[in-house]
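Containing CSV, C-alpha atoms: start37.csv.
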```csv
chain,number,residue,atom,x,y,z
A,1,MET,CA,0.0,0.0,0.0
A,2,ASN,CA,2.9,2.3,0.8
A,3,ASP,CA,4.3,1.6,-2.7
A,4,LEU,CA,0.9,2.4,-4.3
A,5,VAL,CA,0.8,5.8,-2.6
A,6,LYS,CA,4.3,6.6,-3.5
A,7,ASP,CA,3.8,5.6,-7.2
A,8,TRP,CA,0.8,7.8,-7.6
A,9,SER,CA,2.1,10.8,-5.6
A,10,SER,CA,5.8,11.0,-6.5
A,11,ASP,CA,5.3,13.4,-9.4
A,12,VAL,CA,7.0,11.1,-11.9
A,13,SER,CA,5.8,8.4,-14.3
A,14,THR,CA,3.4,6.3,-12.2
A,15,PHE,CA,3.8,2.8,-13.5
A,16,LYS,CA,7.5,2.8,-14.3
A,17,ILE,CA,7.1,0.3,-17.2
A,18,ARG,CA,7.7,0.7,-20.9
A,19,TRP,CA,4.8,2.5,-22.6
A,20,SER,CA,4.3,-0.4,-25.0
A,21,LYS,CA,3.5,-2.7,-22.0
A,22,ALA,CA,1.3,-0.1,-20.3
A,23,MET,CA,-0.7,0.4,-23.6
A,24,MET,CA,-1.0,-3.4,-24.1
A,25,TRP,CA,-2.5,-3.7,-20.6
A,26,ILE,CA,-4.9,-0.8,-21.3
A,27,PHE,CA,-6.0,-2.6,-24.5
A,28,LEU,CA,-6.4,-5.8,-22.6
A,29,ILE,CA,-8.6,-4.1,-20.0
A,30,SER,CA,-10.9,-2.8,-22.8
A,31,ASP,CA,-10.9,-6.3,-24.4
A,32,THR,CA,-11.9,-7.7,-21.0
A,33,PHE,CA,-15.0,-5.5,-21.2
A,34,ILE,CA,-15.9,-6.6,-24.7
A,35,PHE,CA,-15.8,-10.3,-23.8
A,36,GLY,CA,-17.3,-9.5,-20.4
A,37,THR,CA,-20.4,-7.9,-22.0
A,38,PHE,CA,-20.6,-10.7,-24.5
A,39,LEU,CA,-20.8,-13.3,-21.8
A,40,ILE,CA,-23.1,-11.2,-19.6
A,41,SER,CA,-25.6,-10.7,-22.5
A,42,TYR,CA,-25.4,-14.5,-23.1
A,43,MET,CA,-26.3,-15.1,-19.5
A,44,ALA,CA,-29.1,-12.6,-19.6
A,45,ILE,CA,-30.6,-14.3,-22.7
A,46,ARG,CA,-30.0,-17.8,-21.5
A,47,LEU,CA,-31.8,-17.0,-18.2
A,48,THR,CA,-34.9,-15.9,-20.0
A,49,VAL,CA,-35.4,-18.0,-23.1
A,50,VAL,CA,-38.7,-19.9,-23.3
A,51,ASP,CA,-37.3,-23.0,-25.0
A,52,SER,CA,-34.7,-25.1,-23.3
A,53,TRP,CA,-31.1,-24.3,-24.0
A,54,PRO,CA,-29.4,-26.9,-26.2
A,55,ASP,CA,-27.4,-29.5,-24.3
A,56,THR,CA,-23.8,-28.5,-25.2
A,57,SER,CA,-22.3,-31.9,-24.4
A,58,GLN,CA,-24.6,-33.4,-27.0
A,59,VAL,CA,-24.2,-30.6,-29.6
A,60,PHE,CA,-20.4,-30.6,-29.4
A,61,ALA,CA,-20.0,-34.4,-29.1
A,62,LEU,CA,-17.5,-36.0,-31.4
A,63,HIS,CA,-18.2,-39.4,-32.9
A,64,VAL,CA,-15.1,-41.6,-32.1
A,65,GLY,CA,-15.0,-45.4,-32.6
A,66,GLY,CA,-18.8,-45.9,-32.6
A,67,THR,CA,-19.6,-43.8,-29.5
A,68,ASP,CA,-20.2,-40.1,-28.9
A,69,VAL,CA,-17.5,-38.6,-26.7
A,70,PRO,CA,-18.9,-35.3,-25.3
A,71,LEU,CA,-16.9,-32.1,-25.8
A,72,LEU,CA,-13.8,-34.1,-27.0
A,73,LEU,CA,-12.8,-31.5,-29.6
A,74,ILE,CA,-13.3,-28.6,-27.2
A,75,ALA,CA,-11.2,-30.4,-24.6
A,76,ILE,CA,-8.4,-30.9,-27.1
A,77,MET,CA,-8.6,-27.2,-28.2
A,78,THR,CA,-8.4,-26.2,-24.5
A,79,PHE,CA,-5.2,-28.3,-24.0
A,80,ILE,CA,-3.6,-26.9,-27.2
A,81,LEU,CA,-4.3,-23.3,-26.2
A,82,ILE,CA,-2.9,-23.9,-22.6
A,83,SER,CA,0.2,-25.5,-24.1
A,84,SER,CA,0.7,-22.6,-26.5
A,85,SER,CA,0.5,-20.3,-23.5
A,86,GLY,CA,3.1,-22.4,-21.8
A,87,THR,CA,5.5,-22.2,-24.7
A,88,MET,CA,4.9,-18.4,-24.9
A,89,ALA,CA,5.8,-18.1,-21.2
A,90,ILE,CA,9.1,-20.0,-21.9
A,91,ALA,CA,9.7,-17.7,-24.9
A,92,VAL,CA,9.3,-14.6,-22.7
A,93,ASN,CA,11.6,-16.2,-20.1
A,94,ALA,CA,14.2,-16.8,-22.8
A,95,ALA,CA,13.8,-13.2,-24.0
A,96,ASN,CA,14.6,-12.0,-20.6
A,97,LYS,CA,17.8,-14.0,-20.7
A,98,LYS,CA,18.5,-12.5,-24.2
A,99,ASP,CA,18.5,-16.0,-25.7
A,100,LYS,CA,17.5,-15.0,-29.3
A,101,ARG,CA,17.3,-18.5,-30.8
A,102,LYS,CA,15.3,-20.1,-28.0
A,103,THR,CA,12.9,-17.1,-27.9
A,104,GLY,CA,12.2,-17.4,-31.7
A,105,ILE,CA,11.8,-21.2,-31.6
A,106,PHE,CA,9.3,-21.1,-28.7
A,107,MET,CA,7.4,-18.3,-30.3
A,108,LEU,CA,7.1,-20.3,-33.5
A,109,LEU,CA,5.8,-23.3,-31.4
A,110,THR,CA,3.2,-20.9,-29.9
A,111,VAL,CA,2.2,-19.9,-33.4
A,112,LEU,CA,1.8,-23.6,-34.4
A,113,GLY,CA,-0.5,-24.1,-31.4
A,114,GLY,CA,-2.5,-21.1,-32.5
A,115,ILE,CA,-2.8,-22.4,-36.0
A,116,ALA,CA,-3.9,-25.8,-34.7
A,117,PHE,CA,-6.5,-24.1,-32.5
A,118,VAL,CA,-8.0,-22.0,-35.3
A,119,SER,CA,-8.0,-25.0,-37.7
A,120,MET,CA,-9.9,-27.1,-35.2
A,121,GLN,CA,-12.3,-24.3,-34.7
A,122,ALA,CA,-12.9,-24.0,-38.4
A,123,PHE,CA,-13.6,-27.8,-38.4
A,124,GLU,CA,-16.0,-27.4,-35.5
A,125,TRP,CA,-17.9,-24.5,-37.2
A,126,THR,CA,-18.1,-26.5,-40.5
A,127,LYS,CA,-19.4,-29.5,-38.6
A,128,LEU,CA,-22.0,-27.4,-36.8
A,129,ILE,CA,-23.1,-25.5,-39.8
A,130,VAL,CA,-23.1,-28.2,-42.5
A,131,ASP,CA,-23.9,-31.4,-40.6
A,132,GLU,CA,-26.0,-30.2,-37.7
A,133,GLY,CA,-27.7,-27.2,-39.4
A,134,ILE,CA,-27.0,-24.7,-36.6
A,135,ARG,CA,-27.7,-21.1,-37.7
A,136,PRO,CA,-27.6,-17.8,-35.9
A,137,TRP,CA,-31.4,-17.7,-36.2
A,138,GLY,CA,-32.3,-21.2,-35.2
A,139,ASN,CA,-31.3,-24.9,-34.7
A,140,ASP,CA,-32.8,-28.3,-34.0
A,141,PHE,CA,-31.5,-28.6,-30.5
A,142,GLY,CA,-33.5,-26.0,-28.6
A,143,ALA,CA,-33.5,-22.2,-28.0
A,144,GLN,CA,-33.0,-20.3,-31.3
A,145,GLN,CA,-30.6,-17.8,-29.6
A,146,PHE,CA,-28.0,-20.5,-29.1
A,147,GLY,CA,-26.5,-20.1,-32.6
A,148,SER,CA,-26.1,-16.3,-32.5
A,149,PHE,CA,-24.3,-16.4,-29.2
A,150,PHE,CA,-22.1,-19.4,-30.2
A,151,PHE,CA,-21.0,-17.8,-33.5
A,152,MET,CA,-20.5,-14.3,-32.0
A,153,ILE,CA,-18.5,-15.4,-28.9
A,154,THR,CA,-16.4,-18.1,-30.4
A,155,GLY,CA,-16.0,-16.2,-33.6
A,156,PHE,CA,-14.7,-13.1,-31.8
A,157,HIS,CA,-12.3,-15.3,-29.8
A,158,GLY,CA,-11.2,-17.1,-32.9
A,159,LEU,CA,-10.5,-13.8,-34.6
A,160,HIS,CA,-8.3,-12.9,-31.6
A,161,VAL,CA,-6.4,-16.1,-31.9
A,162,LEU,CA,-5.9,-15.5,-35.7
A,163,ILE,CA,-4.6,-11.9,-35.0
A,164,GLY,CA,-2.4,-13.3,-32.3
A,165,VAL,CA,-0.9,-15.9,-34.8
A,166,ILE,CA,-0.1,-13.1,-37.3
A,167,TYR,CA,1.3,-10.8,-34.5
A,168,LEU,CA,3.5,-13.5,-33.0
A,169,SER,CA,4.7,-14.6,-36.5
A,170,ILE,CA,5.9,-11.1,-37.3
A,171,VAL,CA,7.6,-10.6,-33.9
A,172,SER,CA,9.3,-14.0,-33.9
A,173,LYS,CA,10.6,-13.4,-37.5
A,174,ARG,CA,12.0,-10.1,-36.3
A,175,VAL,CA,13.5,-11.6,-33.2
A,176,LEU,CA,15.3,-14.3,-35.2
A,177,ALA,CA,16.4,-11.8,-37.8
A,178,GLY,CA,18.1,-9.8,-35.0
A,179,ARG,CA,16.0,-6.7,-35.4
A,180,TYR,CA,15.7,-6.2,-31.6
A,181,ASP,CA,19.4,-6.9,-30.8
A,182,GLY,CA,20.8,-4.4,-28.3
A,183,ILE,CA,17.6,-2.3,-28.2
A,184,ASP,CA,14.7,-2.6,-25.8
A,185,ASP,CA,15.9,-5.8,-24.2
A,186,TYR,CA,13.4,-7.9,-26.2
A,187,GLN,CA,10.6,-6.3,-24.2
A,188,ILE,CA,8.4,-6.6,-27.3
A,189,VAL,CA,8.3,-10.3,-26.7
A,190,GLU,CA,6.8,-9.8,-23.3
A,191,VAL,CA,4.2,-7.5,-24.7
A,192,ALA,CA,3.2,-10.0,-27.4
A,193,GLY,CA,3.1,-12.6,-24.7
A,194,LEU,CA,0.6,-10.6,-22.6
A,195,TYR,CA,-1.7,-10.6,-25.6
A,196,TRP,CA,-1.4,-14.3,-26.2
A,197,HIS,CA,-2.0,-15.2,-22.5
A,198,PHE,CA,-5.0,-12.9,-22.6
A,199,VAL,CA,-6.5,-14.9,-25.5
A,200,ASP,CA,-5.9,-18.1,-23.4
A,201,LEU,CA,-7.6,-16.3,-20.4
A,202,VAL,CA,-10.7,-15.5,-22.4
A,203,TRP,CA,-10.9,-19.1,-23.6
A,204,VAL,CA,-11.0,-20.3,-19.9
A,205,PHE,CA,-14.2,-18.3,-19.4
A,206,ILE,CA,-15.8,-19.3,-22.7
A,207,PHE,CA,-15.0,-23.0,-22.0
A,208,ALA,CA,-16.4,-22.7,-18.5
A,209,PHE,CA,-19.5,-20.6,-19.1
A,210,PHE,CA,-20.5,-21.5,-22.7
A,211,TYR,CA,-19.4,-25.1,-23.2
A,212,LEU,CA,-19.6,-26.6,-19.7
A,213,TRP,CA,-22.3,-24.6,-17.9
B,214,MET,CA,16.6,12.5,6.9
B,215,ASN,CA,15.9,8.8,6.5
B,216,ASP,CA,15.3,7.1,3.1
B,217,ASP,CA,11.5,6.9,3.6
B,218,THR,CA,11.0,10.7,3.3
B,219,ASN,CA,14.0,11.7,1.2
B,220,PHE,CA,12.4,12.1,-2.2
B,221,LYS,CA,15.8,12.6,-3.9
B,222,HIS,CA,17.4,9.4,-2.5
B,223,PRO,CA,17.3,6.6,-5.1
B,224,SER,CA,15.9,4.1,-2.6
B,225,PHE,CA,12.7,6.2,-2.4
B,226,TYR,CA,11.8,4.8,-5.8
B,227,PRO,CA,11.5,1.0,-5.9
B,228,LYS,CA,13.3,-0.8,-8.7
B,229,ALA,CA,12.1,0.2,-12.1
B,230,GLU,CA,11.5,-3.3,-13.5
B,231,PRO,CA,10.5,-6.3,-11.5
B,232,ASP,CA,12.8,-9.3,-11.4
B,233,ASN,CA,11.3,-11.6,-14.0
B,234,SER,CA,14.0,-14.3,-14.0
B,235,HIS,CA,12.3,-17.4,-12.8
B,236,PRO,CA,13.6,-20.9,-13.7
B,237,ILE,CA,11.9,-22.7,-16.5
B,238,SER,CA,10.6,-25.3,-14.1
B,239,PHE,CA,8.5,-22.6,-12.5
B,240,TYR,CA,6.5,-22.2,-15.7
B,241,LEU,CA,6.3,-25.9,-16.3
B,242,ILE,CA,4.7,-26.4,-12.9
B,243,ALA,CA,2.2,-23.6,-13.7
B,244,TRP,CA,1.5,-25.3,-17.0
B,245,LEU,CA,1.0,-28.7,-15.4
B,246,VAL,CA,-1.4,-27.2,-12.8
B,247,LEU,CA,-3.4,-25.6,-15.6
B,248,PHE,CA,-3.6,-29.0,-17.4
B,249,ILE,CA,-4.9,-30.7,-14.2
B,250,LEU,CA,-7.5,-27.9,-13.6
B,251,SER,CA,-8.7,-28.2,-17.2
B,252,ALA,CA,-8.9,-32.0,-17.0
B,253,LEU,CA,-10.9,-31.6,-13.8
B,254,SER,CA,-13.4,-29.2,-15.4
B,255,TYR,CA,-13.7,-31.6,-18.4
B,256,TYR,CA,-14.2,-34.5,-15.9
B,257,ILE,CA,-17.2,-32.6,-14.4
B,258,ASP,CA,-18.9,-32.8,-17.7
B,259,TYR,CA,-17.8,-36.4,-18.4
B,260,VAL,CA,-19.3,-37.7,-15.2
B,261,ASN,CA,-22.4,-35.6,-15.7
B,262,LEU,CA,-22.5,-33.7,-12.4
B,263,GLU,CA,-25.6,-31.6,-12.4
B,264,GLY,CA,-27.1,-28.5,-10.7
B,265,MET,CA,-25.4,-26.4,-8.1
B,266,VAL,CA,-22.4,-28.7,-7.6
B,267,ARG,CA,-21.6,-28.5,-11.3
B,268,TRP,CA,-22.0,-24.7,-11.5
B,269,VAL,CA,-19.9,-24.0,-8.3
B,270,LEU,CA,-17.1,-26.4,-9.4
B,271,ILE,CA,-17.0,-25.0,-12.9
B,272,THR,CA,-16.8,-21.4,-11.6
B,273,ILE,CA,-14.1,-22.2,-9.0
B,274,LEU,CA,-12.0,-24.0,-11.5
B,275,ALA,CA,-12.3,-21.2,-14.1
B,276,LEU,CA,-11.3,-18.6,-11.5
B,277,LEU,CA,-8.4,-20.7,-10.4
B,278,LYS,CA,-7.1,-21.1,-14.0
B,279,ALA,CA,-7.7,-17.4,-14.7
B,280,GLY,CA,-5.8,-16.4,-11.5
B,281,LEU,CA,-2.9,-18.6,-12.4
B,282,ILE,CA,-2.7,-17.3,-16.0
B,283,VAL,CA,-2.9,-13.6,-14.9
B,284,SER,CA,-0.5,-13.8,-12.0
B,285,VAL,CA,2.1,-16.3,-13.3
B,286,PHE,CA,2.0,-16.2,-17.1
B,287,MET,CA,1.2,-12.5,-17.4
B,288,HIS,CA,3.5,-11.7,-14.5
B,289,LEU,CA,1.0,-9.6,-12.7
B,290,ALA,CA,2.1,-11.0,-9.3
B,291,TRP,CA,5.5,-9.3,-9.8
B,292,GLU,CA,4.3,-6.0,-11.1
B,293,ARG,CA,4.0,-2.8,-9.1
B,294,VAL,CA,1.0,-2.4,-6.8
B,295,ALA,CA,-0.1,0.7,-8.8
B,296,LEU,CA,-0.3,-1.3,-12.0
B,297,ILE,CA,-2.0,-4.3,-10.3
B,298,TYR,CA,-4.8,-2.1,-8.9
B,299,THR,CA,-5.2,-0.3,-12.3
B,300,ILE,CA,-5.8,-3.6,-14.0
B,301,LEU,CA,-7.8,-5.5,-11.4
B,302,LEU,CA,-10.2,-2.7,-10.2
B,303,PRO,CA,-12.1,-1.8,-13.5
B,304,PRO,CA,-13.4,-5.4,-14.1
B,305,ILE,CA,-15.4,-5.1,-10.8
B,306,LEU,CA,-17.8,-3.1,-13.0
B,307,LEU,CA,-18.5,-6.3,-14.9
B,308,ILE,CA,-19.5,-8.0,-11.7
B,309,VAL,CA,-22.0,-5.1,-11.1
B,310,MET,CA,-23.3,-5.5,-14.6
B,311,LEU,CA,-23.6,-9.3,-14.0
B,312,ALA,CA,-25.6,-8.8,-10.8
B,313,ILE,CA,-27.9,-6.3,-12.6
B,314,PHE,CA,-28.7,-8.6,-15.5
B,315,ALA,CA,-29.0,-11.7,-13.3
B,316,ASN,CA,-31.6,-9.8,-11.3
B,317,ASP,CA,-33.3,-8.7,-14.4
B,318,GLY,CA,-33.5,-12.2,-15.9
B,319,ASN,CA,-34.9,-13.4,-12.6
B,320,ALA,CA,-37.5,-10.7,-12.6
B,321,ILE,CA,-38.6,-11.6,-16.2
B,322,ASN,CA,-39.1,-15.2,-15.2
B,323,VAL,CA,-41.1,-14.3,-12.1
B,324,LEU,CA,-43.3,-12.0,-14.2
B,325,ARG,CA,-43.8,-14.7,-16.8
B,326,TYR,CA,-44.9,-17.3,-14.3
B,327,SER,CA,-47.1,-14.9,-12.4
B,328,LEU,CA,-48.9,-13.9,-15.6
B,329,SER,CA,-49.4,-17.4,-16.9
```
Could you quickly redo this structure as structure tokens?
Amino acid sequence: MNDLVKDWSSDVSTFKIRWSKAMMWIFLISDTFIFGTFLISYMAIRLTVVDSWPDTSQVFALHVGGTDVPLLLIAIMTFILISSSGTMAIAVNAANKKDKRKTGIFMLLTVLGGIAFVSMQAFEWTKLIVDEGIRPWGNDFGAQQFGSFFFMITGFHGLHVLIGVIYLSIVSKRVLAGRYDGIDDYQIVEVAGLYWHFVDLVWVFIFAFFYLW
Amino acid sequence: MNDDTNFKHPSFYPKAEPDNSHPISFYLIAWLVLFILSALSYYIDYVNLEGMVRWVLITILALLKAGLIVSVFMHLAWERVALIYTILLPPILLIVMLAIFANDGNAINVLRYSLS
């Protein structure tokens, strides 16, 4: 608490971090509100729909070896995203130690995880739209509103993953090319990492409240 | 004048950047815990827990995972207190909004049953 008062009252820069990191945090707070309002509107509608809400473990079941395994694909996607967050944390750690090669390699592993995630999401959407006929305005499983919330929330999250994949590819290419050598202590890797961990963080709540609830 | 009130003394200002050099094993453990927590929340669906037990467990597991990601992976636990408060206080508004709409949804249902 003493530090808090000193930081705000000492008549110098309050946060004492690089502006890029401060701005990324500000952006992530605003993004928190976007996804927060998405999930709250989903809750408000789901509380009041007249028809029963579709059973997600039935809708998202994957047919493997003759039986339906509930939510299998979603579970795999969750583990992939968590793993990519882990590799990103290792990349940031390597960047702090100025290990250029290791930073680049682990960022590329993170990018691979992101690509796998988006591909599986594309597969999931295709299956839902083509095979099960789920539309934003209706479906065969229950409440009509299910489709619009599903496509809006997972679509917006998937877009974040896709942007993260592009963002991390550019940064990792530049790290490996030596563009950040000697300047800025590879802080940009940490900033990119914040974005990626946030995407993982949002997925935790989507997984819990949309798929599992 | 002691260091605590001497504004010009360097020790008045805490270190500019937090020490971020944890060993790799530290992150691997966080990773493993996230895996276990995810597996547990998937297991809740797999064994078909229903009702309040399911909702409470899902919420607790989600909050644990979120806390782990934010504090360890995003390094918030080692940031300055001023930054931590700037980041964690605004989302309280979301909880207020959640309460308002939960109440509203409940009111709609009560109205619907009282009219039918």
Contacts of stretch 39-112 of chain A with stretch 283-292 of chain B up to 9 Å, shortest pair per row, only C-alpha atoms, as CSV:
```
residue,atom,partner,partner_atom,distance
A:Ser85,CA,B:Phe286,CA,7.7
A:Gly86,CA,B:Phe286,CA,7.9
A:Met88,CA,B:Phe286,CA,8.6
A:Ala89,CA,B:Phe286,CA,5.9
```
For chain B against chain A, which residues fall within 8 Å using only C-alpha atoms, given as a PyMOL selection string? chain B and resi 220+227+229-230+233-235+237+240-241+244+247-248+251+254-255+258-259+267-268+271-272+275+278-279+282-283+286-287+293-296+300+303-304+307+310-311+314-315+317-319+321-322
Report, in Å to a single decimal, how far apart atom CA of A:His157 and atom CA of A:Pro54 are.
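Between atom CA of A:Pro54 and atom CA of A:His157 the gap is 21.0 Å.
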*Measure the distance from atom CA of A:Leu73 to atom CA of A:Ile34 in Å and round it to one decimal.*
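According to the coordinates, atom CA of A:Leu73 and atom CA of A:Ile34 are separated by 25.6 Å.
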(request) Find the spatial neighbours of A:Lys127, counting only C-alpha atoms, within a cut-off of 12 Å - ignore same-chain residues fewer than 3 positions away - and output them as a VMD selection string. (result) chain A and resid 59 to 63 73 120 to 124 130 to 135
Using C-alpha atoms, can you write the selected residues to a file as a PDB file, in the coordinates of the input?
```pdb
ATOM      1  CA  VAL A  59     -24.200 -30.600 -29.600  1.00  0.00           C
ATOM      2  CA  PHE A  60     -20.400 -30.600 -29.400  1.00  0.00           C
ATOM      3  CA  ALA A  61     -20.000 -34.400 -29.100  1.00  0.00           C
ATOM      4  CA  LEU A  62     -17.500 -36.000 -31.400  1.00  0.00           C
ATOM      5  CA  HIS A  63     -18.200 -39.400 -32.900  1.00  0.00           C
ATOM      6  CA  LEU A  73     -12.800 -31.500 -29.600  1.00  0.00           C
ATOM      7  CA  MET A 120      -9.900 -27.100 -35.200  1.00  0.00           C
ATOM      8  CA  GLN A 121     -12.300 -24.300 -34.700  1.00  0.00           C
ATOM      9  CA  ALA A 122     -12.900 -24.000 -38.400  1.00  0.00           C
ATOM     10  CA  PHE A 123     -13.600 -27.800 -38.400  1.00  0.00           C
ATOM     11  CA  GLU A 124     -16.000 -27.400 -35.500  1.00  0.00           C
ATOM     12  CA  VAL A 130     -23.100 -28.200 -42.500  1.00  0.00           C
ATOM     13  CA  ASP A 131     -23.900 -31.400 -40.600  1.00  0.00           C
ATOM     14  CA  GLU A 132     -26.000 -30.200 -37.700  1.00  0.00           C
ATOM     15  CA  GLY A 133     -27.700 -27.200 -39.400  1.00  0.00           C
ATOM     16  CA  ILE A 134     -27.000 -24.700 -36.600  1.00  0.00           C
ATOM     17  CA  ARG A 135     -27.700 -21.100 -37.700  1.00  0.00           C
TER      18      ARG A 135
END
```
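Among A:Val64, A:Val161, A:Met23, A:Ala95, the residue with the shortest atom-to-atom distance to A:Tyr180, counting only C-alpha atoms, is A:Ala95.
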Atom CA of A:Gly113 to atom CA of A:Ile80 measures 5.9 Å
With distances taken over all atoms listed in the file, the candidate from A:Gly66, A:Gly114, A:Pro136, A:Gly104 nearest A:Met152 is A:Pro136
